[in-house]
$ cat input12.csv   # CSV, C-alpha atoms
chain,number,residue,atom,x,y,z
A,188,MET,CA,14.9,34.9,-87.1
A,189,ALA,CA,14.1,38.5,-86.4
A,190,THR,CA,15.6,40.5,-89.2
A,191,HIS,CA,15.2,44.0,-87.8
A,192,PHE,CA,18.4,43.7,-85.6
A,193,HIS,CA,20.5,43.6,-88.8
A,194,GLN,CA,18.8,46.5,-90.5
A,195,LYS,CA,18.8,50.2,-90.1
A,196,PRO,CA,18.5,52.1,-87.8
A,197,ASN,CA,20.6,49.6,-85.9
A,198,THR,CA,24.4,49.8,-86.2
A,199,TYR,CA,25.2,46.3,-87.2
A,200,VAL,CA,28.1,44.3,-88.7
A,201,SER,CA,27.7,43.8,-92.5
A,202,HIS,CA,31.0,42.3,-93.4
A,203,VAL,CA,34.2,40.8,-91.9
A,204,GLN,CA,37.6,40.8,-93.7
A,205,ILE,CA,40.1,38.2,-92.5
A,206,LYS,CA,43.7,37.2,-93.5
A,207,VAL,CA,44.7,33.6,-94.1
A,208,SER,CA,48.0,31.8,-95.1
A,209,ASN,CA,46.7,29.7,-98.0
A,210,LEU,CA,43.7,30.9,-100.0
A,211,ASP,CA,43.0,27.6,-101.7
A,212,ARG,CA,42.9,25.7,-98.4
A,213,SER,CA,40.7,28.4,-96.8
A,214,ILE,CA,38.3,28.4,-99.7
A,215,GLU,CA,37.9,24.6,-99.5
A,216,TYR,CA,37.2,24.9,-95.8
A,217,TYR,CA,34.7,27.7,-96.0
A,218,GLN,CA,32.9,26.0,-98.9
A,219,ASN,CA,32.9,22.4,-97.7
A,220,VAL,CA,32.7,22.8,-93.9
A,221,ILE,CA,30.9,26.2,-93.3
A,222,GLY,CA,28.8,26.2,-96.5
A,223,PHE,CA,29.7,29.4,-98.3
A,224,LYS,CA,29.9,29.8,-102.0
A,225,VAL,CA,32.6,31.9,-103.8
A,226,LEU,CA,31.1,35.1,-105.1
A,227,GLU,CA,34.2,36.6,-106.5
A,228,ARG,CA,37.9,35.6,-106.6
A,229,THR,CA,41.2,37.1,-107.4
A,230,GLU,CA,44.7,35.7,-107.1
A,231,GLN,CA,44.9,36.7,-103.4
A,232,THR,CA,41.3,37.3,-102.3
A,233,ALA,CA,37.9,35.6,-102.3
A,234,ALA,CA,34.5,37.1,-101.4
A,235,LEU,CA,32.2,34.5,-99.9
A,236,THR,CA,28.4,34.5,-100.1
A,237,ALA,CA,25.4,32.6,-98.8
A,238,ASP,CA,22.8,34.1,-101.1
A,239,GLY,CA,24.8,34.3,-104.3
A,240,GLU,CA,24.5,38.1,-104.5
A,241,THR,CA,26.1,39.7,-101.4
A,242,SER,CA,29.2,38.9,-99.4
A,243,ILE,CA,29.4,38.9,-95.6
A,244,LEU,CA,33.0,37.5,-95.4
A,245,SER,CA,36.1,38.0,-97.5
A,246,ILE,CA,39.4,36.3,-97.1
A,247,GLU,CA,42.8,37.5,-98.2
A,248,GLU,CA,46.0,35.4,-98.5
A,249,VAL,CA,49.0,37.0,-96.8
A,250,LYS,CA,52.4,36.2,-98.2
A,251,ASP,CA,54.7,34.4,-95.7
A,252,ALA,CA,51.9,34.8,-93.1
A,253,LEU,CA,52.7,34.7,-89.4
A,254,PRO,CA,50.5,32.5,-87.2
A,255,LEU,CA,48.2,33.9,-84.5
A,256,GLN,CA,49.8,34.2,-81.1
A,257,LYS,CA,48.2,34.4,-77.6
A,258,GLY,CA,48.2,37.8,-76.1
A,259,GLN,CA,47.4,39.5,-79.4
A,260,THR,CA,44.3,41.7,-79.9
A,261,GLY,CA,41.9,41.2,-82.8
A,262,LEU,CA,39.4,38.5,-83.7
A,263,TYR,CA,37.9,36.3,-81.0
A,264,HIS,CA,35.3,35.0,-83.5
A,265,PHE,CA,33.0,36.3,-86.1
A,266,ALA,CA,29.4,34.9,-85.8
A,267,ILE,CA,27.3,33.7,-88.7
A,268,LEU,CA,23.6,33.9,-88.0
A,269,VAL,CA,21.4,31.3,-89.8
A,270,PRO,CA,17.7,32.1,-90.2
A,271,THR,CA,16.2,29.2,-88.2
A,272,ARG,CA,16.9,26.6,-85.6
A,273,LYS,CA,16.3,23.9,-88.2
A,274,ASP,CA,19.0,25.5,-90.3
A,275,LEU,CA,21.4,25.2,-87.3
A,276,ALA,CA,20.3,21.6,-86.9
A,277,ASN,CA,21.1,20.8,-90.5
A,278,PHE,CA,24.5,22.5,-90.1
A,279,VAL,CA,25.2,20.4,-87.0
A,280,GLN,CA,24.2,17.2,-88.8
A,281,HIS,CA,26.4,18.2,-91.7
A,282,ILE,CA,29.6,18.9,-89.6
A,283,SER,CA,29.0,15.7,-87.6
A,284,GLU,CA,29.2,13.7,-90.8
A,285,LEU,CA,32.5,15.4,-91.5
A,286,ASN,CA,33.8,14.7,-88.0
A,287,VAL,CA,34.7,18.3,-87.6
A,288,PRO,CA,35.8,19.2,-84.0
A,289,ILE,CA,33.5,21.8,-82.5
A,290,GLY,CA,32.6,23.7,-79.3
A,291,ALA,CA,29.0,24.6,-78.4
A,292,GLY,CA,27.0,26.8,-76.0
A,293,ASP,CA,23.4,27.5,-75.2
A,294,HIS,CA,23.4,31.2,-74.3
A,295,HIS,CA,19.6,31.3,-73.6
A,296,VAL,CA,19.2,34.0,-76.3
A,297,SER,CA,20.8,31.7,-78.9
A,298,GLU,CA,22.3,28.3,-79.6
A,299,ALA,CA,25.8,28.4,-80.9
A,300,ILE,CA,28.4,26.2,-82.5
A,301,TYR,CA,32.1,27.1,-82.4
A,302,LEU,CA,34.9,26.2,-84.9
A,303,TYR,CA,38.3,27.3,-86.1
A,304,ASP,CA,39.4,27.7,-89.7
A,305,PRO,CA,42.7,26.2,-90.8
A,306,ASP,CA,44.6,29.3,-89.6
A,307,GLY,CA,42.9,29.4,-86.2
A,308,ASN,CA,40.4,32.2,-87.0
A,309,GLY,CA,37.4,31.8,-84.7
A,310,ILE,CA,34.0,31.1,-86.1
A,311,GLU,CA,30.6,30.9,-84.6
A,312,VAL,CA,27.5,29.6,-86.4
A,313,TYR,CA,24.3,30.3,-84.4
A,314,ALA,CA,20.6,30.6,-84.4
A,315,ASP,CA,18.7,33.1,-82.2
A,316,ARG,CA,15.8,32.1,-80.0
A,317,PRO,CA,12.7,34.3,-80.6
A,318,GLU,CA,13.3,37.7,-78.9
A,319,GLU,CA,10.1,37.2,-76.9
A,320,GLN,CA,12.0,34.5,-74.9
A,321,TRP,CA,14.9,36.8,-74.0
A,322,ILE,CA,15.0,38.0,-70.4
A,323,TRP,CA,15.7,41.6,-69.8
A,324,ASN,CA,16.4,43.2,-66.4
A,325,GLY,CA,16.2,46.9,-67.2
A,326,ASN,CA,18.8,47.5,-69.9
A,327,MET,CA,20.6,44.2,-69.3
A,328,VAL,CA,19.8,41.0,-71.2
A,329,TYR,CA,20.3,37.6,-69.5
A,330,MET,CA,22.9,35.5,-71.2
A,331,THR,CA,24.6,32.3,-69.9
A,332,THR,CA,26.6,29.4,-71.3
A,333,GLU,CA,25.0,26.0,-70.9
A,334,PRO,CA,25.3,22.7,-72.9
A,335,VAL,CA,23.5,22.6,-76.2
A,336,ASN,CA,20.7,20.0,-76.3
A,337,PHE,CA,22.0,18.2,-79.3
A,338,ARG,CA,19.3,15.5,-79.1
A,339,SER,CA,16.6,18.2,-79.4
A,340,LEU,CA,18.5,20.0,-82.1
A,341,LEU,CA,19.2,17.0,-84.3
A,342,ALA,CA,15.6,15.8,-83.9
A,343,ILE,CA,14.5,18.6,-86.2
A,344,ALA,CA,17.3,18.1,-88.8
A,345,ASP,CA,16.1,16.7,-92.1
A,346,GLY,CA,19.4,16.1,-94.0
A,347,THR,CA,18.8,18.8,-96.5
A,348,TRP,CA,22.0,20.8,-95.9
A,349,LYS,CA,23.0,22.5,-99.1
A,350,GLY,CA,25.2,25.2,-97.6
A,351,LEU,CA,24.4,28.4,-95.7
A,352,PRO,CA,20.8,29.3,-96.5
A,353,GLU,CA,19.6,32.5,-98.1
A,354,GLY,CA,18.9,35.0,-95.3
A,355,THR,CA,22.1,34.2,-93.4
A,356,VAL,CA,23.8,37.3,-92.1
A,357,MET,CA,26.9,38.3,-90.1
A,358,GLY,CA,25.2,38.2,-86.7
A,359,HIS,CA,27.9,39.8,-84.6
A,360,ILE,CA,31.7,40.0,-84.1
A,361,HIS,CA,33.5,39.2,-80.9
A,362,LEU,CA,36.8,40.9,-80.3
A,363,SER,CA,39.9,40.3,-78.2
A,364,VAL,CA,40.9,43.6,-76.7
A,365,SER,CA,43.6,44.9,-74.5
A,366,ASP,CA,41.8,47.3,-72.1
A,367,LEU,CA,38.1,46.7,-71.4
A,368,HIS,CA,37.4,50.1,-69.8
A,369,LYS,CA,39.0,52.1,-72.6
A,370,THR,CA,37.3,49.9,-75.2
A,371,GLU,CA,33.9,50.3,-73.5
A,372,GLU,CA,34.4,54.1,-73.6
A,373,PHE,CA,35.3,54.0,-77.3
A,374,TYR,CA,32.3,51.9,-78.4
A,375,THR,CA,29.7,53.6,-76.2
A,376,LYS,CA,30.8,57.2,-76.2
A,377,ALA,CA,32.2,57.4,-79.8
A,378,LEU,CA,30.0,54.9,-81.7
A,379,GLY,CA,26.8,55.0,-79.6
A,380,TYR,CA,26.5,51.4,-78.5
A,381,GLU,CA,24.9,50.3,-75.3
A,382,VAL,CA,26.2,47.7,-72.9
A,383,VAL,CA,23.6,44.9,-72.5
A,384,THR,CA,25.6,42.2,-70.7
A,385,ARG,CA,28.7,42.1,-68.5
A,386,TYR,CA,30.7,38.9,-67.7
A,387,GLY,CA,32.6,39.9,-64.6
A,388,SER,CA,35.5,42.4,-65.2
A,389,ARG,CA,36.8,40.7,-68.3
A,390,ALA,CA,34.0,40.7,-70.9
A,391,LEU,CA,31.0,42.8,-72.0
A,392,PHE,CA,28.5,42.7,-74.8
A,393,ILE,CA,27.1,45.8,-76.7
A,394,SER,CA,24.3,46.4,-79.1
A,395,THR,CA,21.9,48.9,-80.5
A,396,GLY,CA,18.1,48.4,-80.7
A,397,LYS,CA,18.0,45.9,-77.8
A,398,TYR,CA,19.8,43.0,-79.7
A,399,HIS,CA,21.6,40.6,-77.3
A,400,HIS,CA,24.9,41.8,-78.9
A,401,HIS,CA,26.2,43.2,-82.2
A,402,ILE,CA,29.7,43.2,-80.7
A,403,GLY,CA,31.4,41.1,-78.0
A,404,LEU,CA,34.5,42.4,-76.2
A,405,ASN,CA,36.8,40.5,-73.9
A,406,THR,CA,40.3,40.5,-72.4
A,407,TRP,CA,40.4,36.7,-71.6
A,408,GLU,CA,43.6,36.1,-73.6
A,409,SER,CA,44.6,39.6,-74.7
A,410,LEU,CA,44.8,41.8,-71.5
A,411,GLY,CA,47.4,44.4,-72.1
A,412,GLY,CA,48.1,42.9,-75.5
A,413,SER,CA,49.0,44.5,-78.8
A,414,PRO,CA,47.8,44.0,-82.4
A,415,ALA,CA,49.2,41.2,-84.5
A,416,PRO,CA,51.7,42.2,-87.2
A,417,GLU,CA,50.2,43.2,-90.5
A,418,ASN,CA,51.5,40.1,-92.1
A,419,SER,CA,49.8,37.8,-89.6
A,420,VAL,CA,46.7,35.8,-90.2
A,421,GLY,CA,43.6,37.1,-88.4
A,422,LEU,CA,41.2,40.0,-88.6
A,423,LYS,CA,41.9,42.7,-91.2
A,424,SER,CA,38.7,44.8,-90.7
A,425,PHE,CA,35.0,44.7,-90.0
A,426,THR,CA,32.3,46.9,-91.4
A,427,LEU,CA,29.5,48.7,-89.5
A,428,VAL,CA,26.4,50.0,-91.2
A,429,LEU,CA,25.3,53.5,-89.9
A,430,GLU,CA,21.8,54.8,-90.1
A,431,ASN,CA,22.4,57.9,-92.1
A,432,LYS,CA,24.9,60.7,-92.9
A,433,GLU,CA,23.9,62.6,-89.7
A,434,LYS,CA,24.9,59.6,-87.6
A,435,ALA,CA,28.2,59.4,-89.5
A,436,GLU,CA,29.0,63.0,-88.9
A,437,ILE,CA,28.3,62.7,-85.1
A,438,ILE,CA,30.6,59.6,-84.9
A,439,LYS,CA,33.3,61.4,-86.9
A,440,LYS,CA,33.1,64.4,-84.5
A,441,ASN,CA,33.2,62.0,-81.4
A,442,LEU,CA,36.2,60.2,-82.8
A,443,ARG,CA,38.2,63.3,-83.5
A,444,GLU,CA,37.4,64.8,-80.1
A,445,MET,CA,38.5,61.6,-78.4
A,446,GLY,CA,41.8,61.5,-80.4
A,447,TYR,CA,41.0,58.7,-82.8
A,448,VAL,CA,41.7,58.7,-86.5
A,449,VAL,CA,39.0,59.4,-89.1
A,450,GLU,CA,40.4,58.3,-92.5
A,451,TYR,CA,39.9,56.4,-95.7
A,452,PHE,CA,41.2,52.8,-95.6
A,453,GLU,CA,42.6,51.9,-99.0
A,454,SER,CA,42.4,48.1,-98.4
A,455,ALA,CA,38.7,48.1,-97.4
A,456,PRO,CA,36.7,45.2,-98.7
A,457,LYS,CA,34.6,45.6,-101.9
A,458,PHE,CA,31.6,44.2,-100.2
A,459,GLY,CA,29.6,45.1,-97.1
A,460,GLY,CA,28.8,48.6,-98.3
A,461,ARG,CA,30.8,51.4,-99.9
A,462,GLN,CA,33.2,52.9,-97.3
A,463,ASP,CA,32.2,56.3,-95.9
A,464,PHE,CA,35.2,56.5,-93.5
A,465,SER,CA,37.3,54.3,-91.2
A,466,THR,CA,38.9,54.3,-87.8
A,467,ILE,CA,41.0,52.2,-85.5
A,468,ASP,CA,39.8,51.2,-82.1
A,469,PRO,CA,41.9,51.3,-78.9
A,470,SER,CA,43.2,47.8,-79.5
A,471,GLY,CA,44.4,48.5,-83.0
A,472,ILE,CA,41.3,46.9,-84.7
A,473,ARG,CA,40.3,48.5,-88.1
A,474,ILE,CA,36.6,49.4,-88.5
A,475,ILE,CA,35.0,50.4,-91.8
A,476,PHE,CA,31.8,52.5,-91.7
A,477,THR,CA,29.2,52.5,-94.5
A,478,LEU,CA,25.8,54.1,-94.9
A,479,GLU,CA,24.6,51.4,-97.2
A,480,GLY,CA,22.5,48.6,-95.8
A,481,GLU,CA,18.9,47.4,-95.4
$ encode --input "input12.csv" --output "structure tokens"
Amino acid sequence: MATHFHQKPNTYVSHVQIKVSNLDRSIEYYQNVIGFKVLERTEQTAALTADGETSILSIEEVKDALPLQKGQTGLYHFAILVPTRKDLANFVQHISELNVPIGAGDHHVSEAIYLYDPDGNGIEVYADRPEEQWIWNGNMVYMTTEPVNFRSLLAIADGTWKGLPEGTVMGHIHLSVSDLHKTEEFYTKALGYEVVTRYGSRALFISTGKYHHHIGLNTWESLGGSPAPENSVGLKSFTLVLENKEKAEIIKKNLREMGYVVEYFESAPKFGGRQDFSTIDPSGIRIIFTLEGE
């Protein structure tokens, strides 16, 4: 796995904060199925870790939580990037033994497994192919969705799954948004991302540093939609790491000029980097910005 895509100077996702209806049930799922360990727990929250030191995902129980509804904006899935194809193979072997229902896709740049947690929050676990194999046409990277070759994948599994391996990162986040044009303008003009793939008129993928995508955006089920209520399960926030203070000041200026809030979010997660500021995107999705990172 190339590590530079998830280090500075790239603007990458360091942490995702989600809401669930039953903390104990969710912890059991994320430990036993996905392979996280609990780094820190309170009565209502848990910070989950792969390396025992940092957290890339935190979950929070919402009292009397409302279920997810179609048409809402928010999380499509968060994507956990494992270091090697063999790690992905061992994960597939592990979940097949548990008879967990999955989806899968070979996207040429990566091989991905898709799951849902007990509240319907979307999860991807994936491994990147070497970046030398990616196909670029100018500034656009070739991505597709083909069947995963499970025979080839399982052929390299060795039955040594002991949970998510050290070196696992939050590879990207994919969002359900209400207006793709307005969203593209926000993420490119305000935050400085570049569009690297378009899927027709309903989805696009953006990144920095020529990654295949740090953020995916689509209106497949959320066109014209509105955010879920605060007491719904789903995405609470995600954290982006900025290169330096100068970059942060440029983004703050862009946000203010475009009419978006620049504020401090009191309920930001403890992990993923100390908050510098926060905003809300055109679909009502909360973003935390930090200067801390690799």
$ closest_atom_pairs --input "input12.csv" --of "stretch 211-269 of chain A" --to "stretch 419-441 of chain A" --cutoff "10 Å" --atoms "only C-alpha atoms" --output "CSV"
residue,atom,partner,partner_atom,distance
A:Ile243,CA,A:Thr426,CA,9.5
A:Leu244,CA,A:Phe425,CA,9.2
A:Ser245,CA,A:Lys423,CA,9.8
A:Ile246,CA,A:Lys423,CA,9.1
A:Glu247,CA,A:Lys423,CA,8.8
A:Glu248,CA,A:Val420,CA,8.3
A:Val249,CA,A:Val420,CA,7.1
A:Lys250,CA,A:Ser419,CA,9.1
A:Asp251,CA,A:Ser419,CA,8.5
A:Ala252,CA,A:Ser419,CA,5.1
A:Leu253,CA,A:Ser419,CA,4.2
A:Pro254,CA,A:Val420,CA,5.9
A:Leu255,CA,A:Val420,CA,6.2
A:Gln256,CA,A:Ser419,CA,9.2
A:Thr260,CA,A:Leu422,CA,9.4
A:Gly261,CA,A:Leu422,CA,6.0
A:Leu262,CA,A:Leu422,CA,5.4
A:Tyr263,CA,A:Leu422,CA,9.1
A:His264,CA,A:Leu422,CA,9.3
A:Phe265,CA,A:Leu422,CA,9.3
$ closest_residue --input "input12.csv" --among "A:Glu417, A:Ala237, A:Ser394, A:Leu378" --to "A:Phe476" --atoms "all atoms listed in the file"
A:Leu378
$ closest_residue --input "input12.csv" --among "A:Met357, A:Val335, A:Ile205, A:Ala234" --to "A:Pro270" --atoms "only C-alpha atoms"
A:Met357
$ atom_distance --input "input12.csv" --atom1 "atom CA of A:Asp211" --atom2 "atom CA of A:Asp306"
12.3 Å
$ atom_distance --input "input12.csv" --atom1 "atom CA of A:Phe464" --atom2 "atom CA of A:Glu371"
21.0 Å
$ build_atoms --input "input12.csv" --residues "stretch 408-419 of chain A" --atoms "all heavy atoms" --output "short mmCIF file (atom, residue, chain, number, x, y, z; two decimals), in the coordinates of the input"
data_model
loop_
_atom_site.label_atom_id
_atom_site.label_comp_id
_atom_site.auth_asym_id
_atom_site.auth_seq_id
_atom_site.Cartn_x
_atom_site.Cartn_y
_atom_site.Cartn_z
N GLU A 408 42.26 36.52 -73.16
CA GLU A 408 43.60 36.10 -73.60
C GLU A 408 44.43 37.27 -74.12
O GLU A 408 45.52 37.06 -74.65
CB GLU A 408 43.52 35.01 -74.65
CG GLU A 408 42.86 33.73 -74.16
CD GLU A 408 42.72 32.68 -75.26
OE1 GLU A 408 43.04 33.00 -76.42
OE2 GLU A 408 42.30 31.55 -74.95
N SER A 409 43.91 38.50 -73.97
CA SER A 409 44.60 39.60 -74.70
C SER A 409 44.76 40.84 -73.74
O SER A 409 45.06 41.92 -74.24
CB SER A 409 43.71 40.04 -75.86
OG SER A 409 42.35 40.29 -75.46
N LEU A 410 44.61 40.68 -72.43
CA LEU A 410 44.80 41.80 -71.50
C LEU A 410 46.15 42.43 -71.65
O LEU A 410 47.16 41.75 -71.56
CB LEU A 410 44.56 41.32 -70.07
CG LEU A 410 44.62 42.40 -68.97
CD1 LEU A 410 43.48 43.39 -69.13
CD2 LEU A 410 44.57 41.76 -67.59
N GLY A 411 46.17 43.74 -71.93
CA GLY A 411 47.40 44.40 -72.10
C GLY A 411 48.14 44.08 -73.41
O GLY A 411 49.30 44.46 -73.61
N GLY A 412 47.45 43.38 -74.29
CA GLY A 412 48.10 42.90 -75.50
C GLY A 412 48.17 43.97 -76.60
O GLY A 412 47.66 45.08 -76.46
N SER A 413 48.83 43.62 -77.68
CA SER A 413 49.00 44.50 -78.80
C SER A 413 48.53 43.82 -80.09
O SER A 413 48.40 42.59 -80.12
CB SER A 413 50.45 44.96 -78.95
OG SER A 413 51.30 43.83 -79.02
N PRO A 414 48.27 44.60 -81.15
CA PRO A 414 47.80 44.00 -82.40
C PRO A 414 48.81 43.03 -83.00
O PRO A 414 50.02 43.19 -82.83
CB PRO A 414 47.54 45.18 -83.31
CG PRO A 414 47.49 46.37 -82.41
CD PRO A 414 48.36 46.06 -81.24
N ALA A 415 48.29 42.04 -83.72
CA ALA A 415 49.20 41.20 -84.50
C ALA A 415 49.87 41.95 -85.59
O ALA A 415 49.33 42.95 -86.07
CB ALA A 415 48.37 40.00 -85.07
N PRO A 416 51.05 41.51 -86.03
CA PRO A 416 51.70 42.20 -87.20
C PRO A 416 50.81 42.17 -88.40
O PRO A 416 49.93 41.31 -88.54
CB PRO A 416 52.97 41.35 -87.38
CG PRO A 416 53.18 40.61 -86.10
CD PRO A 416 51.83 40.39 -85.51
N GLU A 417 51.05 43.11 -89.29
CA GLU A 417 50.20 43.20 -90.50
C GLU A 417 50.26 41.98 -91.34
O GLU A 417 49.29 41.63 -92.01
CB GLU A 417 50.66 44.46 -91.29
CG GLU A 417 49.62 44.90 -92.31
CD GLU A 417 49.95 46.26 -92.91
OE1 GLU A 417 50.40 47.15 -92.17
OE2 GLU A 417 49.74 46.40 -94.13
N ASN A 418 51.39 41.28 -91.33
CA ASN A 418 51.50 40.10 -92.10
C ASN A 418 51.15 38.79 -91.36
O ASN A 418 51.58 37.69 -91.70
CB ASN A 418 52.92 39.93 -92.73
CG ASN A 418 53.99 39.80 -91.66
OD1 ASN A 418 53.83 40.30 -90.55
ND2 ASN A 418 55.08 39.13 -91.99
N SER A 419 50.34 38.96 -90.33
CA SER A 419 49.80 37.80 -89.60
C SER A 419 48.44 37.44 -90.12
O SER A 419 47.72 38.29 -90.67
CB SER A 419 49.72 38.16 -88.10
OG SER A 419 48.99 37.17 -87.39
#
